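> I am sharing start-v3.txt, which consists of compact mmCIF, C-alpha atoms and all ligand atoms:
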```txt
# COMPACT_ATOMS: atom_id res chain seq x y z
CA MET A 23 -8.29 -82.11 50.10
CA TRP A 24 -11.09 -79.56 50.53
CA LEU A 25 -9.25 -77.91 53.38
CA ARG A 26 -6.03 -77.63 51.36
CA ARG A 27 -7.91 -76.05 48.45
CA ALA A 28 -9.66 -73.63 50.79
CA VAL A 29 -6.28 -72.61 52.20
CA ALA A 30 -4.85 -72.21 48.71
CA ARG A 31 -7.70 -70.01 47.55
CA SER A 32 -7.08 -67.59 50.39
CA GLN A 33 -3.50 -67.04 49.15
CA PRO A 34 -2.64 -64.02 47.01
CA GLY A 35 -1.26 -66.23 44.21
CA TYR A 36 -4.48 -68.10 43.54
CA VAL A 37 -5.84 -67.48 40.05
CA SER A 38 -9.24 -68.51 38.80
CA LEU A 39 -10.31 -68.41 35.14
CA LYS A 40 -13.97 -69.03 34.24
CA GLY A 41 -14.53 -70.41 37.74
CA GLY A 42 -11.90 -73.17 37.42
CA ALA A 43 -8.55 -73.50 39.17
CA VAL A 44 -5.56 -72.55 37.03
CA LYS A 45 -2.31 -74.29 37.87
CA GLN A 46 0.33 -71.98 39.23
CA VAL A 47 4.01 -72.10 38.23
CA LEU A 48 6.96 -71.40 40.51
CA ALA A 49 10.21 -70.31 38.84
CA LEU A 50 13.57 -70.03 40.65
CA SER A 51 15.70 -67.25 39.23
CA GLY A 52 18.93 -65.33 39.41
CA GLY A 53 19.46 -62.38 37.05
CA VAL A 54 19.50 -62.35 33.24
CA GLY A 55 18.89 -66.03 32.29
CA GLY A 56 16.21 -66.40 34.93
CA ALA A 57 14.50 -63.18 33.91
CA LYS A 58 14.42 -64.27 30.26
CA LEU A 59 12.71 -67.59 30.97
CA SER A 60 10.40 -65.91 33.51
CA LEU A 61 9.28 -63.56 30.74
CA GLY A 62 8.59 -66.53 28.45
CA LEU A 63 6.63 -68.26 31.20
CA GLU A 64 4.65 -65.11 31.98
CA ARG A 65 3.69 -64.71 28.32
CA VAL A 66 2.34 -68.26 27.97
CA LEU A 67 0.51 -68.36 31.33
CA PRO A 68 -2.69 -66.61 32.45
CA ALA A 69 -2.01 -63.31 34.24
CA GLY A 70 -1.00 -63.88 37.86
CA ALA A 71 -0.17 -67.59 37.50
CA LEU A 72 3.62 -67.09 37.59
CA HIS A 73 5.52 -66.87 40.89
CA VAL A 74 9.25 -66.06 40.72
CA LEU A 75 11.50 -66.80 43.68
CA VAL A 76 14.65 -64.72 43.30
CA ASN A 77 18.19 -64.90 44.68
CA THR A 78 19.08 -62.12 47.12
CA GLY A 79 22.62 -63.29 47.95
CA ASP A 80 23.90 -60.64 45.49
CA ASP A 81 22.14 -57.84 47.42
CA PHE A 82 24.25 -55.25 49.16
CA THR A 83 24.19 -51.80 50.64
CA HIS A 84 25.93 -49.25 48.44
CA LEU A 85 26.03 -45.47 48.95
CA GLY A 86 23.40 -46.01 51.65
CA LEU A 87 21.01 -47.70 49.21
CA HIS A 88 19.71 -51.28 49.27
CA ILE A 89 20.57 -52.82 45.90
CA SER A 90 18.76 -56.06 44.91
CA PRO A 91 20.27 -56.74 41.45
CA ASP A 92 18.48 -60.00 40.63
CA ILE A 93 15.08 -58.84 41.88
CA ASP A 94 15.43 -55.67 39.82
CA THR A 95 16.50 -57.57 36.70
CA VAL A 96 13.38 -59.76 36.99
CA LEU A 97 11.13 -56.77 37.78
CA TYR A 98 12.48 -54.61 34.95
CA THR A 99 12.31 -57.52 32.48
CA LEU A 100 8.71 -58.40 33.32
CA ALA A 101 7.81 -54.70 33.24
CA GLY A 102 9.31 -54.47 29.72
CA ARG A 103 11.82 -51.86 30.87
CA ALA A 104 15.08 -53.82 31.17
CA ASN A 105 18.25 -52.72 29.44
CA GLN A 106 18.70 -55.97 27.54
CA ALA A 107 22.01 -55.10 25.90
CA GLN A 108 23.61 -54.26 29.25
CA GLY A 109 22.01 -57.17 31.14
CA TRP A 110 21.12 -55.05 34.18
CA GLY A 111 19.44 -51.73 34.91
CA LEU A 112 16.84 -49.82 32.93
CA GLU A 113 16.57 -48.98 29.25
CA GLY A 114 17.02 -45.35 28.20
CA GLU A 115 19.14 -44.69 31.28
CA SER A 116 21.16 -41.52 31.95
CA TRP A 117 24.22 -41.31 34.22
CA ASN A 118 24.23 -37.76 35.62
CA THR A 119 24.42 -38.92 39.23
CA MET A 120 27.45 -41.12 38.53
CA GLU A 121 29.15 -38.24 36.69
CA ALA A 122 28.49 -35.92 39.63
CA MET A 123 29.75 -38.64 41.98
CA ALA A 124 32.98 -38.89 39.98
CA LEU A 125 33.49 -35.12 40.42
CA LEU A 126 33.26 -35.70 44.18
CA ASP A 127 35.81 -38.50 43.79
CA GLY A 128 33.13 -40.80 45.18
CA GLU A 129 32.58 -44.48 44.45
CA THR A 130 31.58 -45.11 40.83
CA TRP A 131 32.73 -48.71 40.29
CA PHE A 132 29.14 -49.89 40.73
CA ARG A 133 27.20 -47.88 38.18
CA LEU A 134 23.76 -46.75 39.24
CA GLY A 135 21.72 -45.06 36.51
CA ASP A 136 19.59 -42.01 37.34
CA ARG A 137 16.28 -43.85 36.84
CA ASP A 138 17.50 -47.00 38.56
CA ILE A 139 18.43 -44.87 41.59
CA ALA A 140 14.73 -44.04 42.03
CA THR A 141 14.06 -47.76 42.60
CA HIS A 142 16.84 -47.97 45.20
CA LEU A 143 15.74 -44.77 46.96
CA TRP A 144 12.15 -45.98 47.08
CA ARG A 145 13.19 -49.41 48.38
CA ARG A 146 15.42 -47.82 51.04
CA SER A 147 12.62 -45.51 52.20
CA GLN A 148 10.13 -48.37 52.50
CA LEU A 149 12.61 -50.58 54.38
CA ASP A 150 13.37 -47.65 56.70
CA ALA A 151 9.61 -47.26 57.27
CA GLY A 152 9.54 -50.84 58.58
CA GLN A 153 8.43 -52.87 55.54
CA ASP A 154 10.27 -56.12 54.85
CA LEU A 155 11.92 -56.91 51.51
CA ALA A 156 9.07 -59.21 50.42
CA ALA A 157 6.43 -56.48 50.92
CA VAL A 158 8.61 -53.85 49.24
CA THR A 159 9.22 -56.17 46.26
CA GLN A 160 5.52 -56.95 45.92
CA ASP A 161 4.69 -53.25 46.03
CA LEU A 162 7.38 -52.39 43.47
CA ALA A 163 6.02 -55.07 41.13
CA ARG A 164 2.50 -53.66 41.44
CA ARG A 165 3.70 -50.10 40.82
CA MET A 166 5.59 -51.28 37.71
CA GLY A 167 2.51 -53.08 36.38
CA VAL A 168 3.98 -56.57 36.81
CA LYS A 169 1.21 -59.16 37.17
CA SER A 170 3.46 -62.04 38.28
CA HIS A 171 4.37 -62.55 41.93
CA ILE A 172 8.01 -61.82 42.73
CA TYR A 173 9.49 -63.02 46.03
CA PRO A 174 12.95 -62.56 47.52
CA MET A 175 14.32 -66.00 48.44
CA CYS A 176 13.85 -65.09 52.11
CA ARG A 177 13.08 -62.01 54.19
CA GLU A 178 16.29 -62.27 56.21
CA THR A 179 19.62 -60.76 55.16
CA VAL A 180 21.83 -63.26 53.33
CA ARG A 181 25.07 -62.19 51.66
CA THR A 182 27.20 -64.21 49.26
CA VAL A 183 30.90 -64.14 50.10
CA VAL A 184 33.39 -65.42 47.52
CA HIS A 185 36.41 -67.25 48.92
CA THR A 186 39.19 -66.61 46.41
CA ASP A 187 42.94 -67.09 46.09
CA GLU A 188 43.22 -63.41 47.05
CA GLY A 189 41.05 -63.69 50.15
CA ASP A 190 37.35 -63.28 50.86
CA LEU A 191 35.35 -60.81 48.77
CA PRO A 192 31.74 -59.63 49.14
CA PHE A 193 29.90 -60.76 45.98
CA GLN A 194 29.61 -57.42 44.15
CA HIS A 195 33.26 -56.60 44.90
CA TYR A 196 34.23 -59.91 43.29
CA PHE A 197 31.72 -59.66 40.42
CA VAL A 198 31.75 -56.01 39.41
CA ARG A 199 34.74 -54.34 41.06
CA ARG A 200 37.17 -57.19 40.35
CA GLN A 201 35.33 -58.40 37.19
CA CYS A 202 35.40 -62.03 38.50
CA GLU A 203 39.20 -62.03 38.11
CA PRO A 204 40.32 -63.74 41.36
CA ARG A 205 40.23 -67.55 41.30
CA VAL A 206 37.24 -68.93 43.18
CA ARG A 207 37.78 -71.56 45.90
CA SER A 208 34.25 -71.72 47.32
CA PHE A 209 31.18 -69.66 48.17
CA GLU A 210 29.56 -68.90 51.49
CA PHE A 211 26.06 -67.54 52.05
CA GLU A 212 26.39 -65.52 55.25
CA GLY A 213 23.20 -65.42 57.32
CA LEU A 214 21.64 -68.39 55.55
CA ALA A 215 21.35 -70.60 58.64
CA ALA A 216 18.96 -68.08 60.22
CA ALA A 217 16.89 -67.61 57.05
CA ARG A 218 13.45 -69.12 56.45
CA PRO A 219 11.54 -69.70 53.19
CA ASP A 220 9.05 -66.96 52.42
CA PRO A 221 5.67 -67.82 54.05
CA ASP A 222 3.77 -67.01 50.83
CA VAL A 223 6.00 -69.42 48.91
CA LEU A 224 5.47 -72.09 51.57
CA ALA A 225 1.69 -71.55 51.24
CA LEU A 226 1.98 -72.04 47.48
CA LEU A 227 3.96 -75.23 48.09
CA ALA A 228 1.31 -76.43 50.54
CA SER A 229 -1.38 -76.11 47.88
CA ASP A 230 -2.08 -78.54 45.06
CA ASP A 231 -2.66 -75.64 42.67
CA LEU A 232 1.06 -75.60 41.87
CA GLY A 233 1.55 -77.38 38.55
CA HIS A 234 5.24 -76.91 37.70
CA ILE A 235 8.46 -75.84 39.37
CA VAL A 236 11.02 -74.45 36.92
CA VAL A 237 14.64 -73.82 37.85
CA CYS A 238 15.74 -71.21 35.32
CA PRO A 239 19.12 -71.28 33.52
CA SER A 240 20.84 -69.15 36.14
CA ASN A 241 24.27 -69.67 37.68
CA PRO A 242 24.03 -72.86 39.82
CA PHE A 243 26.60 -71.72 42.39
CA VAL A 244 25.79 -68.08 43.11
CA SER A 245 22.18 -67.71 41.90
CA ILE A 246 20.31 -71.00 42.47
CA ASP A 247 22.31 -72.56 45.35
CA PRO A 248 21.47 -69.65 47.73
CA VAL A 249 17.75 -70.03 46.95
CA LEU A 250 17.73 -73.82 47.37
CA GLN A 251 19.85 -73.67 50.53
CA VAL A 252 17.46 -71.49 52.51
CA PRO A 253 16.80 -74.06 55.28
CA GLY A 254 13.96 -76.39 54.28
CA MET A 255 13.54 -74.93 50.79
CA TRP A 256 14.86 -77.62 48.45
CA GLN A 257 13.23 -80.36 50.49
CA ALA A 258 9.87 -78.56 50.25
CA LEU A 259 10.29 -78.30 46.46
CA ARG A 260 11.30 -81.98 46.22
CA ASP A 261 8.34 -83.11 48.30
CA HIS A 262 5.74 -81.26 46.21
CA ALA A 263 3.88 -83.34 43.62
CA ALA A 264 4.71 -80.86 40.83
CA PRO A 265 7.57 -81.84 38.50
CA VAL A 266 10.84 -79.93 38.97
CA ILE A 267 12.28 -78.91 35.61
CA LEU A 268 15.77 -77.46 35.41
CA VAL A 269 17.22 -75.70 32.36
CA SER A 270 20.98 -75.97 31.96
CA PRO A 271 22.83 -72.62 31.96
CA ILE A 272 25.75 -74.33 30.17
CA VAL A 273 25.39 -74.91 26.44
CA ASP A 274 28.11 -76.61 24.39
CA GLY A 275 30.65 -76.11 27.19
CA MET A 276 29.97 -72.39 27.56
CA ALA A 277 27.86 -70.17 29.79
CA ILE A 278 25.24 -68.21 27.85
CA LYS A 279 26.03 -65.18 30.04
CA GLY A 280 28.18 -64.43 33.04
CA PRO A 281 31.03 -66.21 34.77
CA ALA A 282 29.46 -69.66 35.42
CA ALA A 283 31.92 -71.47 33.12
CA LYS A 284 34.96 -69.77 34.70
CA MET A 285 33.66 -70.58 38.20
CA MET A 286 33.02 -74.23 37.29
CA ALA A 287 36.54 -74.61 35.90
CA GLU A 288 38.03 -73.07 39.05
CA LEU A 289 35.87 -75.32 41.24
CA ARG A 290 37.07 -78.29 39.13
CA VAL A 291 33.55 -79.09 37.96
CA PRO A 292 33.46 -80.23 34.29
CA VAL A 293 32.24 -77.27 32.23
CA THR A 294 29.40 -79.16 30.58
CA ALA A 295 25.66 -79.53 31.09
CA ALA A 296 26.51 -82.93 32.65
CA GLY A 297 28.73 -81.14 35.18
CA VAL A 298 25.76 -78.95 36.12
CA ALA A 299 23.51 -82.03 36.34
CA ARG A 300 25.97 -83.78 38.66
CA HIS A 301 26.09 -80.72 40.94
CA TYR A 302 22.30 -80.76 41.38
CA ALA A 303 22.06 -84.57 41.62
CA GLU A 304 24.71 -84.76 44.35
CA ARG A 305 23.77 -81.67 46.36
CA TYR A 306 19.96 -82.02 46.07
CA PRO A 307 19.13 -85.75 45.68
CA ASP A 308 15.81 -86.51 43.96
CA LEU A 309 14.99 -82.81 43.47
CA VAL A 310 15.19 -82.49 39.68
CA ASP A 311 12.85 -84.57 37.51
CA HIS A 312 13.63 -83.19 34.05
CA PHE A 313 16.93 -81.61 33.00
CA LEU A 314 16.65 -79.56 29.83
CA ILE A 315 19.79 -79.43 27.74
CA ASP A 316 20.41 -77.77 24.42
CA ASP A 317 20.12 -79.86 21.24
CA SER A 318 23.85 -79.24 20.74
CA ASP A 319 24.48 -81.24 23.96
CA ALA A 320 22.44 -84.30 22.92
CA LYS A 321 25.59 -86.45 23.29
CA LEU A 322 25.37 -85.92 27.10
CA THR A 323 21.90 -87.50 27.38
CA ASP A 324 23.02 -90.93 28.65
CA GLU A 325 25.48 -89.45 31.15
CA ILE A 326 22.74 -87.20 32.59
CA ASN A 327 20.16 -90.00 32.64
CA ARG A 328 22.60 -92.16 34.61
CA LEU A 329 22.60 -89.44 37.32
CA GLY A 330 18.87 -90.08 37.77
CA LEU A 331 17.70 -86.95 35.92
CA ASN A 332 15.60 -87.25 32.78
CA ALA A 333 17.56 -85.38 30.10
CA VAL A 334 15.35 -83.56 27.58
CA CYS A 335 16.95 -82.06 24.46
CA THR A 336 15.49 -78.83 23.12
CA ALA A 337 16.55 -75.38 21.90
CA THR A 338 17.51 -73.61 25.15
CA VAL A 339 19.21 -70.45 23.85
CA MET A 340 16.78 -67.54 24.28
CA THR A 341 17.43 -64.70 21.85
CA THR A 342 13.93 -63.63 20.80
CA LEU A 343 10.69 -63.46 22.75
CA GLU A 344 9.50 -66.41 20.66
CA ASP A 345 12.53 -68.44 21.87
CA LYS A 346 11.61 -67.63 25.47
CA MET A 347 7.98 -68.62 24.98
CA ARG A 348 8.91 -71.82 23.14
CA LEU A 349 11.24 -72.87 25.97
CA ALA A 350 8.54 -71.98 28.52
CA ARG A 351 5.99 -74.15 26.69
CA THR A 352 8.47 -77.04 26.58
CA CYS A 353 8.98 -76.74 30.36
CA LEU A 354 5.24 -76.72 30.98
CA SER A 355 4.63 -79.71 28.70
CA LEU A 356 6.64 -81.98 31.00
CA GLU A 357 4.91 -84.06 33.64
CA MET A 358 6.24 -86.25 36.46
N1 LIG B 401 26.96 -55.10 36.79
C1 LIG B 401 28.13 -54.67 36.30
O1 LIG B 401 28.86 -55.47 35.71
N2 LIG B 401 28.55 -53.37 36.50
C2 LIG B 401 27.80 -52.46 37.16
O2 LIG B 401 28.21 -51.32 37.31
C3 LIG B 401 26.53 -52.89 37.64
C4 LIG B 401 25.65 -52.01 38.29
C5 LIG B 401 24.39 -52.47 38.69
C6 LIG B 401 23.47 -51.58 39.26
C7 LIG B 401 22.23 -52.02 39.66
C8 LIG B 401 21.88 -53.36 39.49
O3 LIG B 401 20.66 -53.79 39.87
C9 LIG B 401 22.77 -54.26 38.90
C10 LIG B 401 24.02 -53.82 38.50
N3 LIG B 401 24.94 -54.69 37.90
C11 LIG B 401 26.14 -54.25 37.45
C12 LIG B 401 24.59 -56.10 37.69
C13 LIG B 401 24.79 -56.99 38.90
O4 LIG B 401 25.68 -56.57 39.83
C14 LIG B 401 25.12 -58.43 38.53
O5 LIG B 401 24.84 -58.73 37.20
C15 LIG B 401 24.33 -59.40 39.35
O6 LIG B 401 24.52 -59.25 40.70
C16 LIG B 401 24.63 -60.84 38.96
O7 LIG B 401 23.43 -61.48 38.86
```
Take the structure in the file and give it back as structure tokens.


Amino acid sequence: MWLRRAVARSQPGYVSLKGGAVKQVLALSGGVGGAKLSLGLERVLPAGALHVLVNTGDDFTHLGLHISPDIDTVLYTLAGRANQAQGWGLEGESWNTMEAMALLDGETWFRLGDRDIATHLWRRSQLDAGQDLAAVTQDLARRMGVKSHIYPMCRETVRTVVHTDEGDLPFQHYFVRRQCEPRVRSFEFEGLAAARPDPDVLALLASDDLGHIVVCPSNPFVSIDPVLQVPGMWQALRDHAAPVILVSPIVDGMAIKGPAAKMMAELRVPVTAAGVARHYAERYPDLVDHFLIDDSDAKLTDEINRLGLNAVCTATVMTTLEDKMRLARTCLSLEM
């Protein structure tokens, strides 16, 4: 026990308040939904106690730049600079570069704002200088004044490929260029077999200072599956003593944001919170302890409980900061 604590205290994520150990929280996140709950968690926790593990399957190289959409959505949200109406990018953005690109007849289907481009240029320069994505992300967070710890799901390159009725599409070509129009057959996470969980995240999981693991209401198939399927990751989460709490991204048969409902229908998964619960229960046995569903889905409680998850009804739709903090407190009130 002493040795494990000593190891934990040497990790960057260790936080001490008034000499005592403060429990750390690990959140798994994709883009918008994950960033919203991460913000709620950050606001109710002591500074530095939140660790966010973020999907990088959506990353790609575009116009020579390394784009990490989900990492940037989490970073910008926690920095208080996210364009909330748009759901990605920075607030107060201008588009001069894209307009100039259009005059060159260059690629403008993936819109990079002038300020956002600074992030991508900086990331590219640091990667070219030999830093890995985890170090670059940590540095970006520090420069943006973010106190929480943000980790890419792995340091290796993993790319989501969407198998559709019209052939295989790289994720952003499916999502942005084709506006999720082609019918999905399945997803593949290229490079995943060679990926490893981030060593800092493994160190956190090896410590008993981790109090809760929260799977945010992000898309199960393209945001959370890539994170959990980094070899060894979901088993390490399952084997930790901390409770795993998952918030359903489907409320009353609809996705709060994004194409999750359309994907589920095309994959022939029932478009309900119970359909989401079954996906996790079957693919990751014994991982999830508590499954948070919206009050409007209370009728699904028995069905979800029968899958071995403890269904908890609460208000899961996050519109205001208060909603985000309330949901965060509910997550953190749950024990094994
Ligand atoms: N999403 C869009 O729908 N259209 C865009 O032009 C677009 C540009 C973009 C630029 C930077 C960035 O970090 C994200 C951007 N996104 C855009 C969002 C992003 O592609 C997706 O929302 C995520 O990959 C899904 O989580």

> Under the rule of at most 9 Å, produce a per-residue listing of chain A near ligand LIG 401 (chain B): chain, number, name, the closest pair of atoms, and the distance in Å, as a Markdown table, using only C-alpha atoms and all ligand atoms.


```
| residue | atom | partner | partner_atom | distance |
| --- | --- | --- | --- | --- |
| A:Gly52 | CA | B:LIG401 | O7 | 5.9 |
| A:Gly53 | CA | B:LIG401 | O7 | 4.5 |
| A:Val54 | CA | B:LIG401 | O7 | 6.9 |
| A:Asn77 | CA | B:LIG401 | O7 | 8.5 |
| A:Thr78 | CA | B:LIG401 | O6 | 8.9 |
| A:Gly79 | CA | B:LIG401 | O6 | 8.5 |
| A:Asp80 | CA | B:LIG401 | O6 | 5.0 |
| A:Asp81 | CA | B:LIG401 | O6 | 7.3 |
| A:Ile89 | CA | B:LIG401 | O3 | 6.1 |
| A:Ser90 | CA | B:LIG401 | O3 | 5.8 |
| A:Pro91 | CA | B:LIG401 | O3 | 3.4 |
| A:Asp92 | CA | B:LIG401 | O7 | 5.5 |
| A:Ile93 | CA | B:LIG401 | O3 | 7.8 |
| A:Asp94 | CA | B:LIG401 | O3 | 5.6 |
| A:Thr95 | CA | B:LIG401 | O3 | 6.5 |
| A:Gln108 | CA | B:LIG401 | N1 | 8.3 |
| A:Gly109 | CA | B:LIG401 | O5 | 6.9 |
| A:Trp110 | CA | B:LIG401 | C12 | 5.0 |
| A:Gly111 | CA | B:LIG401 | C8 | 5.4 |
| A:Leu112 | CA | B:LIG401 | O3 | 8.9 |
| A:Thr130 | CA | B:LIG401 | O2 | 7.9 |
| A:Trp131 | CA | B:LIG401 | O2 | 6.0 |
| A:Phe132 | CA | B:LIG401 | O2 | 3.8 |
| A:Arg133 | CA | B:LIG401 | O2 | 3.7 |
| A:Leu134 | CA | B:LIG401 | C6 | 4.8 |
| A:Gly135 | CA | B:LIG401 | C6 | 7.3 |
| A:Asp138 | CA | B:LIG401 | C7 | 7.0 |
| A:Ile139 | CA | B:LIG401 | C7 | 8.3 |
| A:His142 | CA | B:LIG401 | C7 | 8.7 |
| A:Phe193 | CA | B:LIG401 | O6 | 7.7 |
| A:Gln194 | CA | B:LIG401 | O4 | 5.9 |
| A:Phe197 | CA | B:LIG401 | O4 | 6.8 |
| A:Val198 | CA | B:LIG401 | O1 | 4.7 |
| A:Arg199 | CA | B:LIG401 | N2 | 7.7 |
| A:Gln201 | CA | B:LIG401 | O1 | 7.3 |
| A:Ser240 | CA | B:LIG401 | O7 | 8.5 |
| A:Asn241 | CA | B:LIG401 | O7 | 8.3 |
| A:Val244 | CA | B:LIG401 | O7 | 8.2 |
| A:Ser245 | CA | B:LIG401 | O7 | 7.0 |
| A:Gly280 | CA | B:LIG401 | C16 | 7.8 |
```

> Could you jot down the CA of Glu344 in chain A to CA of Ile278 in chain A separation for me, Å, one decimal place?

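About the pair CA of Glu344 in chain A and CA of Ile278 in chain A: they are 17.4 Å apart.
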
> Would you list the contacts of Cys238 in chain A as an mmCIF file with C-alpha atoms, in the frame of the given file, taking every protein, DNA or RNA residue within 9 Å and counting all atoms listed in the file, but skipping same-chain residues closer than 6 positions in sequence?


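Contents of part.cif, as written:
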```cif
data_model
loop_
_atom_site.group_PDB
_atom_site.id
_atom_site.type_symbol
_atom_site.label_atom_id
_atom_site.label_comp_id
_atom_site.auth_asym_id
_atom_site.auth_seq_id
_atom_site.Cartn_x
_atom_site.Cartn_y
_atom_site.Cartn_z
ATOM 1 C CA ALA A 49 10.210 -70.310 38.840
ATOM 2 C CA LEU A 50 13.570 -70.030 40.650
ATOM 3 C CA SER A 51 15.700 -67.250 39.230
ATOM 4 C CA GLY A 52 18.930 -65.330 39.410
ATOM 5 C CA GLY A 55 18.890 -66.030 32.290
ATOM 6 C CA GLY A 56 16.210 -66.400 34.930
ATOM 7 C CA ALA A 57 14.500 -63.180 33.910
ATOM 8 C CA LYS A 58 14.420 -64.270 30.260
ATOM 9 C CA LEU A 59 12.710 -67.590 30.970
ATOM 10 C CA SER A 60 10.400 -65.910 33.510
ATOM 11 C CA ILE A 246 20.310 -71.000 42.470
ATOM 12 C CA ILE A 267 12.280 -78.910 35.610
ATOM 13 C CA LEU A 268 15.770 -77.460 35.410
ATOM 14 C CA VAL A 269 17.220 -75.700 32.360
ATOM 15 C CA SER A 270 20.980 -75.970 31.960
ATOM 16 C CA PRO A 271 22.830 -72.620 31.960
#
```

> How many Å separate CA of Val339 in chain A from CA of Lys279 in chain A?

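CA of Val339 in chain A sits 10.6 Å away from CA of Lys279 in chain A.
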
> Looking at all atoms listed in the file, which of A:Thr119, A:Asp317, A:Pro265, A:Leu97 is the one that sits closest to Arg164 in chain A?

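Closest to Arg164 in chain A of all the choices is A:Leu97.
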
> For CA of Val252 in chain A and CA of Pro219 in chain A, quote the distance in Å rounded to one decimal.

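Distance reported for this atom pair: 6.2 Å.
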
> Between A:Glu325, A:Asp311, A:Glu304, A:Asp187, which has the minimum distance to Ile235 in chain A (counting all atoms listed in the file)?

A:Asp311

> Write out as a PyMOL selection string each polymer residue whose atoms come within 12 Å of Cys353 in chain A, counting all atoms listed in the file; drop sequence neighbours fewer than 3 positions from it.

chain A and resi 47-49+59-60+62-63+66-67+233-239+265-269+311-315+334-338+346-350+356-358

> Would you mind exporting C-alpha atoms of the selected residues as a PDB file, in the coordinates of the input?


```pdb
ATOM      1  CA  VAL A  47       4.010 -72.100  38.230  1.00  0.00           C
ATOM      2  CA  LEU A  48       6.960 -71.400  40.510  1.00  0.00           C
ATOM      3  CA  ALA A  49      10.210 -70.310  38.840  1.00  0.00           C
ATOM      4  CA  LEU A  59      12.710 -67.590  30.970  1.00  0.00           C
ATOM      5  CA  SER A  60      10.400 -65.910  33.510  1.00  0.00           C
ATOM      6  CA  GLY A  62       8.590 -66.530  28.450  1.00  0.00           C
ATOM      7  CA  LEU A  63       6.630 -68.260  31.200  1.00  0.00           C
ATOM      8  CA  VAL A  66       2.340 -68.260  27.970  1.00  0.00           C
ATOM      9  CA  LEU A  67       0.510 -68.360  31.330  1.00  0.00           C
ATOM     10  CA  GLY A 233       1.550 -77.380  38.550  1.00  0.00           C
ATOM     11  CA  HIS A 234       5.240 -76.910  37.700  1.00  0.00           C
ATOM     12  CA  ILE A 235       8.460 -75.840  39.370  1.00  0.00           C
ATOM     13  CA  VAL A 236      11.020 -74.450  36.920  1.00  0.00           C
ATOM     14  CA  VAL A 237      14.640 -73.820  37.850  1.00  0.00           C
ATOM     15  CA  CYS A 238      15.740 -71.210  35.320  1.00  0.00           C
ATOM     16  CA  PRO A 239      19.120 -71.280  33.520  1.00  0.00           C
ATOM     17  CA  PRO A 265       7.570 -81.840  38.500  1.00  0.00           C
ATOM     18  CA  VAL A 266      10.840 -79.930  38.970  1.00  0.00           C
ATOM     19  CA  ILE A 267      12.280 -78.910  35.610  1.00  0.00           C
ATOM     20  CA  LEU A 268      15.770 -77.460  35.410  1.00  0.00           C
ATOM     21  CA  VAL A 269      17.220 -75.700  32.360  1.00  0.00           C
ATOM     22  CA  ASP A 311      12.850 -84.570  37.510  1.00  0.00           C
ATOM     23  CA  HIS A 312      13.630 -83.190  34.050  1.00  0.00           C
ATOM     24  CA  PHE A 313      16.930 -81.610  33.000  1.00  0.00           C
ATOM     25  CA  LEU A 314      16.650 -79.560  29.830  1.00  0.00           C
ATOM     26  CA  ILE A 315      19.790 -79.430  27.740  1.00  0.00           C
ATOM     27  CA  VAL A 334      15.350 -83.560  27.580  1.00  0.00           C
ATOM     28  CA  CYS A 335      16.950 -82.060  24.460  1.00  0.00           C
ATOM     29  CA  THR A 336      15.490 -78.830  23.120  1.00  0.00           C
ATOM     30  CA  ALA A 337      16.550 -75.380  21.900  1.00  0.00           C
ATOM     31  CA  THR A 338      17.510 -73.610  25.150  1.00  0.00           C
ATOM     32  CA  LYS A 346      11.610 -67.630  25.470  1.00  0.00           C
ATOM     33  CA  MET A 347       7.980 -68.620  24.980  1.00  0.00           C
ATOM     34  CA  ARG A 348       8.910 -71.820  23.140  1.00  0.00           C
ATOM     35  CA  LEU A 349      11.240 -72.870  25.970  1.00  0.00           C
ATOM     36  CA  ALA A 350       8.540 -71.980  28.520  1.00  0.00           C
ATOM     37  CA  LEU A 356       6.640 -81.980  31.000  1.00  0.00           C
ATOM     38  CA  GLU A 357       4.910 -84.060  33.640  1.00  0.00           C
ATOM     39  CA  MET A 358       6.240 -86.250  36.460  1.00  0.00           C
TER      40      MET A 358
END
```

> Which residues, written as a PyMOL selection string, have at least one atom at most 12 Å from Arg290 in chain A, with only C-alpha atoms counted and residues fewer than 3 positions away on the same chain left out?

chain A and resi 205-208+283-287+293-294+297-298+301

> With distances taken over only C-alpha atoms, which residue among A:Arg200, A:His262, A:His185, A:Thr83 lies nearest Ala225 in chain A?

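For Ala225 in chain A, the nearest of the candidates is A:His262.
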
> Hey, could you make a per-residue contact list for range 213-317 of chain A against range 151-160 of chain A with 12 Å as the cut-off, showing the nearest pair of atoms and its distance in Å to one decimal, counting all atoms listed in the file, sorted by chain and number, as CSV?


```
residue,atom,partner,partner_atom,distance
A:Pro219,CA,A:Ala156,CA,11.1
A:Asp220,CA,A:Ala156,CA,8.0
A:Pro221,CA,A:Ala156,CA,9.9
A:Asp222,CA,A:Ala156,CA,9.4
A:Val223,CA,A:Ala156,CA,10.8
```
